[in-house]
Structures are given as C-alpha cells and as structure tokens.
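Shown next, in structure tokens, is the structure this report addresses.
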Amino acid sequence: MLYPLTFKPIFKDRVWGGRRLEQIYQKPLPPGVPIGESWEISDRPGDVSVIANGPLAGRDLHWVLENHPATCSANALRTRDGSPAD
C-alpha cells in the first residue's frame with residue numbers, strides 16, 4: 001500500500017503572473033519569473049507531477065498510476081474508519 005504522497009508544484013510563468021503565490025502561500029517560486037499558476041498535481045504530457053517525499057521521491061505521478069493502479073483508483077479510497085468511501 002502506498003503512503004500519503006506529496007508532490008513538487010509545477011509553476012507556470014504567465015505574462016500576467018507575479019509573486020503573490022510566494023507572498024500568500026509561501027511557495028518557493030523561481031527567481032525573476034512572473035508566476036501565474038501553481039499546479040499542485042498533474043499528469044498531463046510535459047507536466048507530470050514529481051513525488052517530493054518518501055521512498056518514491058523523484059518518481060512521477062504517471063509512474064505511480066501505471067505501477068499501482070489499484071491503489072490509486074476510487075475503489076482504493078477509504079474513510080478514517082476503513083470503510084469504502086462513497
């Protein structure tokens with residue numbers, strides 16, 4: 001069973017962007033770039049989230065979905081008491 005994964009955000013520079021994500025949410029933005037979006041989790045081609053914690057750190061979300069499909073499916077979700085999530 002997988003552990004709770006955290007992911008490195010994918011920062012998107014935009015002409016209308018700025019530094020507010022850094023000020024409001026303490027995001028470590030790259031210097032000198034106007035950031036308009038922070039993608040917290042993504043499996044889009046060219047924008048795949050990378051795991052930031054634990055033994056799978058450095059692997060990406062696409063790898064997890066391909067190698068642990070049952071764990072990542074809606075059927076694997078459980079409530080705090082262990083019963084299936086609705």
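By convention in this document, the chains of the structure tokens carry letters A, B, ... by their order, each chain's residues are numbered from 1, and ligands are numbered from 1 in the order they are shown.
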
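Considering only stretch 5-77 of chain A, backbone DSSP assigns strand (DSSP E or B) to Phe7, Lys8, Ile10, Phe11, Lys12, Asp13, Arg14, Val15, Trp16, Gly17, Gly18, Ile35, Gly36, Glu37, Ser38, Trp39, Asp43, Arg44, Asp47, Val48, Val50, Ile51 and Asp60 of chain A.
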
For those residues, write C-alpha atoms to a file as a PDB file, in the first residue's frame.
ATOM      1  CA  PHE A   7       4.240  16.452  -4.954  1.00  0.00           C
ATOM      2  CA  LYS A   8       6.510  19.238  -6.109  1.00  0.00           C
ATOM      3  CA  ILE A  10       4.681  22.860 -11.230  1.00  0.00           C
ATOM      4  CA  PHE A  11       4.975  26.621 -11.583  1.00  0.00           C
ATOM      5  CA  LYS A  12       3.643  28.194 -14.760  1.00  0.00           C
ATOM      6  CA  ASP A  13       5.047  31.512 -15.865  1.00  0.00           C
ATOM      7  CA  ARG A  14       2.444  33.849 -17.303  1.00  0.00           C
ATOM      8  CA  VAL A  15       2.695  37.398 -18.582  1.00  0.00           C
ATOM      9  CA  TRP A  16       0.010  38.348 -16.065  1.00  0.00           C
ATOM     10  CA  GLY A  17       1.787  36.480 -13.260  1.00  0.00           C
ATOM     11  CA  GLY A  18       3.713  37.876 -10.351  1.00  0.00           C
ATOM     12  CA  ILE A  35       4.399  33.001 -11.954  1.00  0.00           C
ATOM     13  CA  GLY A  36       0.668  32.937 -12.665  1.00  0.00           C
ATOM     14  CA  GLU A  37      -0.235  29.361 -11.717  1.00  0.00           C
ATOM     15  CA  SER A  38       0.898  26.602  -9.396  1.00  0.00           C
ATOM     16  CA  TRP A  39      -0.212  23.163 -10.496  1.00  0.00           C
ATOM     17  CA  ASP A  43      -0.451  14.011 -15.235  1.00  0.00           C
ATOM     18  CA  ARG A  44      -0.508  15.973 -18.472  1.00  0.00           C
ATOM     19  CA  ASP A  47       3.663  18.495 -16.998  1.00  0.00           C
ATOM     20  CA  VAL A  48       3.776  15.404 -14.803  1.00  0.00           C
ATOM     21  CA  VAL A  50       7.056  14.562  -9.256  1.00  0.00           C
ATOM     22  CA  ILE A  51       6.809  12.947  -5.816  1.00  0.00           C
ATOM     23  CA  ASP A  60       6.390  10.877 -11.124  1.00  0.00           C
TER      24      ASP A  60
END

- Near-A:Arg19 list (10 Å; only C-alpha atoms; drop same-chain fewer than 5 positions) as a list in words: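 Near A:Arg19, the qualifying residues are Ile24, Gln26, Lys27, Pro28, Leu29, Pro30, Pro31, Gly32, Val33, Pro34, Ile35 and Gly36 of chain A.
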
Using N, CA, C and O atoms, can you export the residues from the last selection as an mmCIF file, in the first residue's frame?
data_model
loop_
_atom_site.group_PDB
_atom_site.id
_atom_site.type_symbol
_atom_site.label_atom_id
_atom_site.label_comp_id
_atom_site.auth_asym_id
_atom_site.auth_seq_id
_atom_site.Cartn_x
_atom_site.Cartn_y
_atom_site.Cartn_z
ATOM 1 N N ILE A 24 1.504 34.937 -0.399
ATOM 2 C CA ILE A 24 0.318 34.434 0.289
ATOM 3 C C ILE A 24 0.496 32.999 0.787
ATOM 4 O O ILE A 24 0.120 32.679 1.905
ATOM 5 N N GLN A 26 3.529 31.109 0.638
ATOM 6 C CA GLN A 26 4.927 30.755 0.915
ATOM 7 C C GLN A 26 5.475 29.726 -0.074
ATOM 8 O O GLN A 26 6.253 28.839 0.279
ATOM 9 N N LYS A 27 5.071 29.829 -1.333
ATOM 10 C CA LYS A 27 5.595 28.944 -2.387
ATOM 11 C C LYS A 27 7.013 29.392 -2.739
ATOM 12 O O LYS A 27 7.261 30.584 -2.912
ATOM 13 N N PRO A 28 7.935 28.452 -2.864
ATOM 14 C CA PRO A 28 9.313 28.809 -3.242
ATOM 15 C C PRO A 28 9.411 29.020 -4.756
ATOM 16 O O PRO A 28 9.831 28.135 -5.499
ATOM 17 N N LEU A 29 9.011 30.181 -5.218
ATOM 18 C CA LEU A 29 8.974 30.462 -6.656
ATOM 19 C C LEU A 29 10.372 30.645 -7.228
ATOM 20 O O LEU A 29 11.280 31.131 -6.535
ATOM 21 N N PRO A 30 10.550 30.290 -8.497
ATOM 22 C CA PRO A 30 11.846 30.549 -9.143
ATOM 23 C C PRO A 30 12.055 32.059 -9.273
ATOM 24 O O PRO A 30 11.091 32.801 -9.502
ATOM 25 N N PRO A 31 13.286 32.514 -9.090
ATOM 26 C CA PRO A 31 13.544 33.955 -9.120
ATOM 27 C C PRO A 31 13.384 34.563 -10.519
ATOM 28 O O PRO A 31 13.667 33.918 -11.520
ATOM 29 N N GLY A 32 12.894 35.796 -10.533
ATOM 30 C CA GLY A 32 12.854 36.581 -11.761
ATOM 31 C C GLY A 32 11.843 36.144 -12.802
ATOM 32 O O GLY A 32 11.952 36.541 -13.962
ATOM 33 N N VAL A 33 10.871 35.316 -12.427
ATOM 34 C CA VAL A 33 9.880 34.814 -13.383
ATOM 35 C C VAL A 33 8.482 35.174 -12.867
ATOM 36 O O VAL A 33 8.184 34.928 -11.703
ATOM 37 N N PRO A 34 7.618 35.748 -13.719
ATOM 38 C CA PRO A 34 6.254 36.055 -13.269
ATOM 39 C C PRO A 34 5.399 34.780 -13.258
ATOM 40 O O PRO A 34 4.984 34.286 -14.301
ATOM 41 N N ILE A 35 5.144 34.249 -12.085
ATOM 42 C CA ILE A 35 4.399 33.001 -11.954
ATOM 43 C C ILE A 35 2.904 33.311 -11.811
ATOM 44 O O ILE A 35 2.492 34.053 -10.930
ATOM 45 N N GLY A 36 2.105 32.707 -12.683
ATOM 46 C CA GLY A 36 0.668 32.937 -12.665
ATOM 47 C C GLY A 36 -0.124 31.750 -12.163
ATOM 48 O O GLY A 36 -1.282 31.896 -11.803
#

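Atom pair atom CA of A:Tyr3 / atom CA of A:Pro45 has a distance of 24.6 Å (rounded to one decimal).
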
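Across the structure, atom CA of A:Leu5 and atom CA of A:Ala52 are spaced 7.5 Å apart.
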
- Message: I need the residues in chain A that are helix (DSSP H, G or I) according to DSSP; give them as a PyMOL selection string.
- Response: chain A and resi 20-25+61-67+69-72+74-76

- Task: Tell me which of A:Ala70, A:Ala57, A:Leu65, A:Leu2 sits closest to A:Ser42, counting only C-alpha atoms.
- Result: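 Nearest candidate to A:Ser42 out of A:Ala70, A:Ala57, A:Leu65, A:Leu2: A:Leu65.
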